[in-house]
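To start, the structure itself, in structure tokens.
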Amino acid sequence: MRRFQCAHCGAEVFFDSMLCESCHSTLFFDPGNVTFLTDSSSSQAPIACINREVISCNWVGDSAGGLCRACQLTGMYPNLDSPGHQERWARLEAAKRQVVSALDQLGLDHPSKRERPESGLVFQFLADNPTPGAANSQVMTGHENGRIIINIAEADDAIREQRRATLKEPYRTLVGHIRHEIGHYYWDRLIQSEGRLRTFRALFGDERDDYAKALERYYHEGPRGDWQGHFVSAYASSHPWEDFAETWAHYLHTIDGLQTAIAFGLASPPPEVRQEDASAFPYLTPLSFDRISAMWSEVAIAVNALNRSLGQPDLYPFVLSNEVIEKLGFVHELIVSRACGARVAA
């Protein structure tokens, strides 16, 4: 995450800011330029996303439809007449905007299903059906052919924390869910459809293994005993598809976290990164992931120590093996090669 300024007065504002607390200007985030606009920052007032008042979306809307580029990816949302649904939907959209902004900075296109019915992307934020015995009474979070379904119950902090504890996950967030599911979408687009299966299988395993049986085995028997040495999370050990999605999500955690650390002076970009590119580092960097990982490791140690000094659990509760770092490097090269048309420098 970068640091942002009000276009009117220069005061610091934040990614989800709707109003400048200093000059009280109304703020509009422009995802194309990764900056904020105000009513007075240009000759023509920015167009607000039509979801601005409904879910506090602060992005600039499309001149044609009124929805911002992130909200255009939402195909279904819950019944807003039900208590709590509007707040949960708003939280999920806020997390989605953070992920979409990262995809934009990575140069990864994400057309909607309206634009490309076959290869496009759509999110469906759905609630469980409270009627006993009703069909689809429980919404299952997942991905299929560009359609990402997320149960809005995940936006309830108490429910999400209960599930995190039950499933023994050290890290469970809305942003993490969306990063994970979007990883499945890009597996279809960047690996299956672009002839990278041989390299993928050498690192992650054979995705042709029965997926349903693999998940059933995981939930009944738990992860393999040595999963820490081979996978970024316990769930990643369930099947190669889940290993990739978890690795993809962790890659986005890493680069977004490192960019934030650099923006706030907790780390510095490498000397070979030009000053004008510093705010975008480590997105689309020519550096190998080994260099990025080493930088992030130093930041992670520092923030964990800071949390411990305040009596809080580790902010980054992960220890990455060499095998996991190699998989993260594969994701890094996959993304940079796609965006830049060249392999990452060693």
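Chain labels A, B, ... are given in the sequence in which chains occur in the structure tokens; within each chain residues are numbered consecutively from 1, and ligands are likewise numbered from 1 in the order shown.
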
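Within region 91-199 of chain A, DSSP applied to the backbone places the following residues in strand (DSSP E or B): Ser112, Leu121, Val122, Phe123, Gln124, Phe125, Leu126, Gly142, His143, Glu144, Arg147, Ile148, Ile149, Ile150 and Asn151 of chain A.
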
Those same residues, written as a short mmCIF file (atom, residue, chain, number, x, y, z; two decimals), in the first residue's frame with C-alpha atoms?
data_model
loop_
_atom_site.label_atom_id
_atom_site.label_comp_id
_atom_site.auth_asym_id
_atom_site.auth_seq_id
_atom_site.Cartn_x
_atom_site.Cartn_y
_atom_site.Cartn_z
CA SER A 112 -15.68 -8.69 -15.97
CA LEU A 121 -14.30 -12.51 -13.59
CA VAL A 122 -17.33 -12.04 -11.35
CA PHE A 123 -17.80 -11.96 -7.58
CA GLN A 124 -20.92 -13.19 -5.85
CA PHE A 125 -21.28 -12.20 -2.20
CA LEU A 126 -24.01 -14.42 -0.81
CA GLY A 142 -14.94 -20.99 -3.75
CA HIS A 143 -14.09 -20.42 -7.41
CA GLU A 144 -15.29 -21.96 -10.65
CA ARG A 147 -16.97 -17.02 -10.70
CA ILE A 148 -15.85 -16.32 -7.14
CA ILE A 149 -18.42 -16.95 -4.41
CA ILE A 150 -17.79 -15.68 -0.89
CA ASN A 151 -20.09 -16.26 2.07
#

- Query: So which residues touch region 80-86 of chain A within 9 Å, counting only C-alpha atoms, skipping near sequence neighbours fewer than 6 positions away, as number ranges by chain?
  - Reply: A: 54-55, 127, 152-153, 156

What's the 8 Å shell around region 58-68 of chain A, counting only C-alpha atoms, without same-chain residues fewer than 3 positions away, as an mmCIF file with N, CA and C atoms, in the first residue's frame?
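Resulting contents of selection.cif:
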data_model
loop_
_atom_site.group_PDB
_atom_site.id
_atom_site.type_symbol
_atom_site.label_atom_id
_atom_site.label_comp_id
_atom_site.auth_asym_id
_atom_site.auth_seq_id
_atom_site.Cartn_x
_atom_site.Cartn_y
_atom_site.Cartn_z
ATOM 1 N N ASP A 16 -8.841 4.037 1.972
ATOM 2 C CA ASP A 16 -10.295 3.984 2.069
ATOM 3 C C ASP A 16 -10.919 5.307 2.483
ATOM 4 N N SER A 17 -10.158 6.410 2.437
ATOM 5 C CA SER A 17 -10.673 7.716 2.872
ATOM 6 C C SER A 17 -11.762 8.218 1.930
ATOM 7 N N MET A 18 -12.812 8.750 2.523
ATOM 8 C CA MET A 18 -13.899 9.372 1.761
ATOM 9 C C MET A 18 -13.822 10.895 1.833
ATOM 10 N N LEU A 27 -13.221 13.090 -1.282
ATOM 11 C CA LEU A 27 -12.138 12.375 -1.962
ATOM 12 C C LEU A 27 -12.674 11.291 -2.880
ATOM 13 N N PHE A 28 -11.985 11.136 -4.014
ATOM 14 C CA PHE A 28 -12.310 10.102 -4.996
ATOM 15 C C PHE A 28 -11.001 9.426 -5.398
ATOM 16 N N PHE A 29 -10.929 8.106 -5.217
ATOM 17 C CA PHE A 29 -9.711 7.379 -5.588
ATOM 18 C C PHE A 29 -9.737 7.050 -7.072
ATOM 19 N N ASP A 30 -8.649 7.404 -7.746
ATOM 20 C CA ASP A 30 -8.489 7.115 -9.172
ATOM 21 C C ASP A 30 -7.563 5.903 -9.307
ATOM 22 N N PRO A 31 -8.104 4.699 -9.555
ATOM 23 C CA PRO A 31 -7.262 3.495 -9.589
ATOM 24 C C PRO A 31 -6.277 3.491 -10.747
ATOM 25 N N PRO A 46 -14.905 14.805 -10.409
ATOM 26 C CA PRO A 46 -14.883 13.356 -10.623
ATOM 27 C C PRO A 46 -16.278 12.751 -10.507
ATOM 28 N N ILE A 47 -16.489 11.666 -11.232
ATOM 29 C CA ILE A 47 -17.757 10.937 -11.153
ATOM 30 C C ILE A 47 -17.652 9.922 -10.019
ATOM 31 N N ALA A 48 -18.575 9.995 -9.097
ATOM 32 C CA ALA A 48 -18.559 9.060 -7.970
ATOM 33 C C ALA A 48 -19.141 7.717 -8.391
ATOM 34 N N CYS A 49 -18.583 6.636 -7.873
ATOM 35 C CA CYS A 49 -19.184 5.311 -8.041
ATOM 36 C C CYS A 49 -20.587 5.354 -7.449
ATOM 37 N N ILE A 50 -21.545 4.746 -8.111
ATOM 38 C CA ILE A 50 -22.923 4.811 -7.616
ATOM 39 C C ILE A 50 -23.109 4.020 -6.320
ATOM 40 N N ASN A 51 -22.109 3.221 -5.943
ATOM 41 C CA ASN A 51 -22.172 2.508 -4.671
ATOM 42 C C ASN A 51 -21.558 3.311 -3.525
ATOM 43 N N ARG A 52 -21.192 4.556 -3.782
ATOM 44 C CA ARG A 52 -20.496 5.350 -2.772
ATOM 45 C C ARG A 52 -21.303 5.461 -1.472
ATOM 46 N N CYS A 71 -16.354 -2.345 -8.477
ATOM 47 C CA CYS A 71 -17.757 -2.725 -8.297
ATOM 48 C C CYS A 71 -18.335 -3.387 -9.538
ATOM 49 N N GLN A 72 -17.772 -3.089 -10.700
ATOM 50 C CA GLN A 72 -18.226 -3.734 -11.928
ATOM 51 C C GLN A 72 -17.997 -5.242 -11.912
#

- Message: Between A:Pro117, A:Ala263, A:Ser293, A:Ser237, which residue has the minimum interatomic distance to Arg224 (chain A), considering only C-alpha atoms?
- Response: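 Of all the options, A:Ser237 lies closest to Arg224 (chain A).
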
- What's the 8 Å shell around region 94-97 of chain A, counting only C-alpha atoms, without same-chain residues fewer than 4 positions away, as a PyMOL selection string? chain A and resi 16+57+70+90+101+174-175+178

Excluding Glu154 (chain A) and residues on its chain fewer than 5 positions from it, collect all residues at most 10 Å away from it, counting only C-alpha atoms, and give them as a PDB file with N, CA and C atoms, in the first residue's frame.
ATOM      1  N   ARG A  88     -21.750  -6.090   6.024  1.00  0.00           N
ATOM      2  CA  ARG A  88     -20.861  -7.183   5.620  1.00  0.00           C
ATOM      3  C   ARG A  88     -20.458  -7.048   4.151  1.00  0.00           C
ATOM      4  N   ARG A  91     -17.794  -4.411   3.799  1.00  0.00           N
ATOM      5  CA  ARG A  91     -16.467  -4.879   4.216  1.00  0.00           C
ATOM      6  C   ARG A  91     -15.825  -5.740   3.134  1.00  0.00           C
ATOM      7  N   LEU A  92     -16.617  -6.589   2.515  1.00  0.00           N
ATOM      8  CA  LEU A  92     -16.081  -7.432   1.448  1.00  0.00           C
ATOM      9  C   LEU A  92     -15.653  -6.602   0.240  1.00  0.00           C
ATOM     10  N   ALA A 127     -25.378 -14.867   1.123  1.00  0.00           N
ATOM     11  CA  ALA A 127     -25.668 -15.227   2.514  1.00  0.00           C
ATOM     12  C   ALA A 127     -26.317 -16.597   2.561  1.00  0.00           C
ATOM     13  N   THR A 141     -17.736 -20.843   0.067  1.00  0.00           N
ATOM     14  CA  THR A 141     -16.782 -19.965  -0.595  1.00  0.00           C
ATOM     15  C   THR A 141     -15.936 -20.778  -1.565  1.00  0.00           C
ATOM     16  N   ILE A 159     -17.516 -14.569  13.725  1.00  0.00           N
ATOM     17  CA  ILE A 159     -17.625 -15.829  12.980  1.00  0.00           C
ATOM     18  C   ILE A 159     -16.291 -16.192  12.346  1.00  0.00           C
ATOM     19  N   ARG A 160     -15.638 -15.202  11.751  1.00  0.00           N
ATOM     20  CA  ARG A 160     -14.354 -15.475  11.092  1.00  0.00           C
ATOM     21  C   ARG A 160     -13.298 -15.931  12.096  1.00  0.00           C
ATOM     22  N   GLU A 161     -13.281 -15.327  13.274  1.00  0.00           N
ATOM     23  CA  GLU A 161     -12.314 -15.720  14.289  1.00  0.00           C
ATOM     24  C   GLU A 161     -12.600 -17.124  14.799  1.00  0.00           C
ATOM     25  N   ARG A 163     -13.970 -19.558  13.078  1.00  0.00           N
ATOM     26  CA  ARG A 163     -13.535 -20.475  12.035  1.00  0.00           C
ATOM     27  C   ARG A 163     -12.018 -20.561  11.978  1.00  0.00           C
ATOM     28  N   ARG A 172      -6.421 -15.421   8.860  1.00  0.00           N
ATOM     29  CA  ARG A 172      -7.680 -15.546   8.115  1.00  0.00           C
ATOM     30  C   ARG A 172      -8.317 -14.164   8.035  1.00  0.00           C
ATOM     31  N   THR A 173      -8.324 -13.552   6.867  1.00  0.00           N
ATOM     32  CA  THR A 173      -8.858 -12.214   6.674  1.00  0.00           C
ATOM     33  C   THR A 173      -9.686 -12.170   5.397  1.00  0.00           C
ATOM     34  N   LEU A 174     -10.469 -11.105   5.234  1.00  0.00           N
ATOM     35  CA  LEU A 174     -11.244 -10.943   4.007  1.00  0.00           C
ATOM     36  C   LEU A 174     -10.325 -10.729   2.820  1.00  0.00           C
ATOM     37  N   HIS A 177      -8.903 -14.052   1.844  1.00  0.00           N
ATOM     38  CA  HIS A 177      -9.851 -14.887   1.099  1.00  0.00           C
ATOM     39  C   HIS A 177      -9.880 -14.500  -0.379  1.00  0.00           C
TER      40      HIS A 177
END
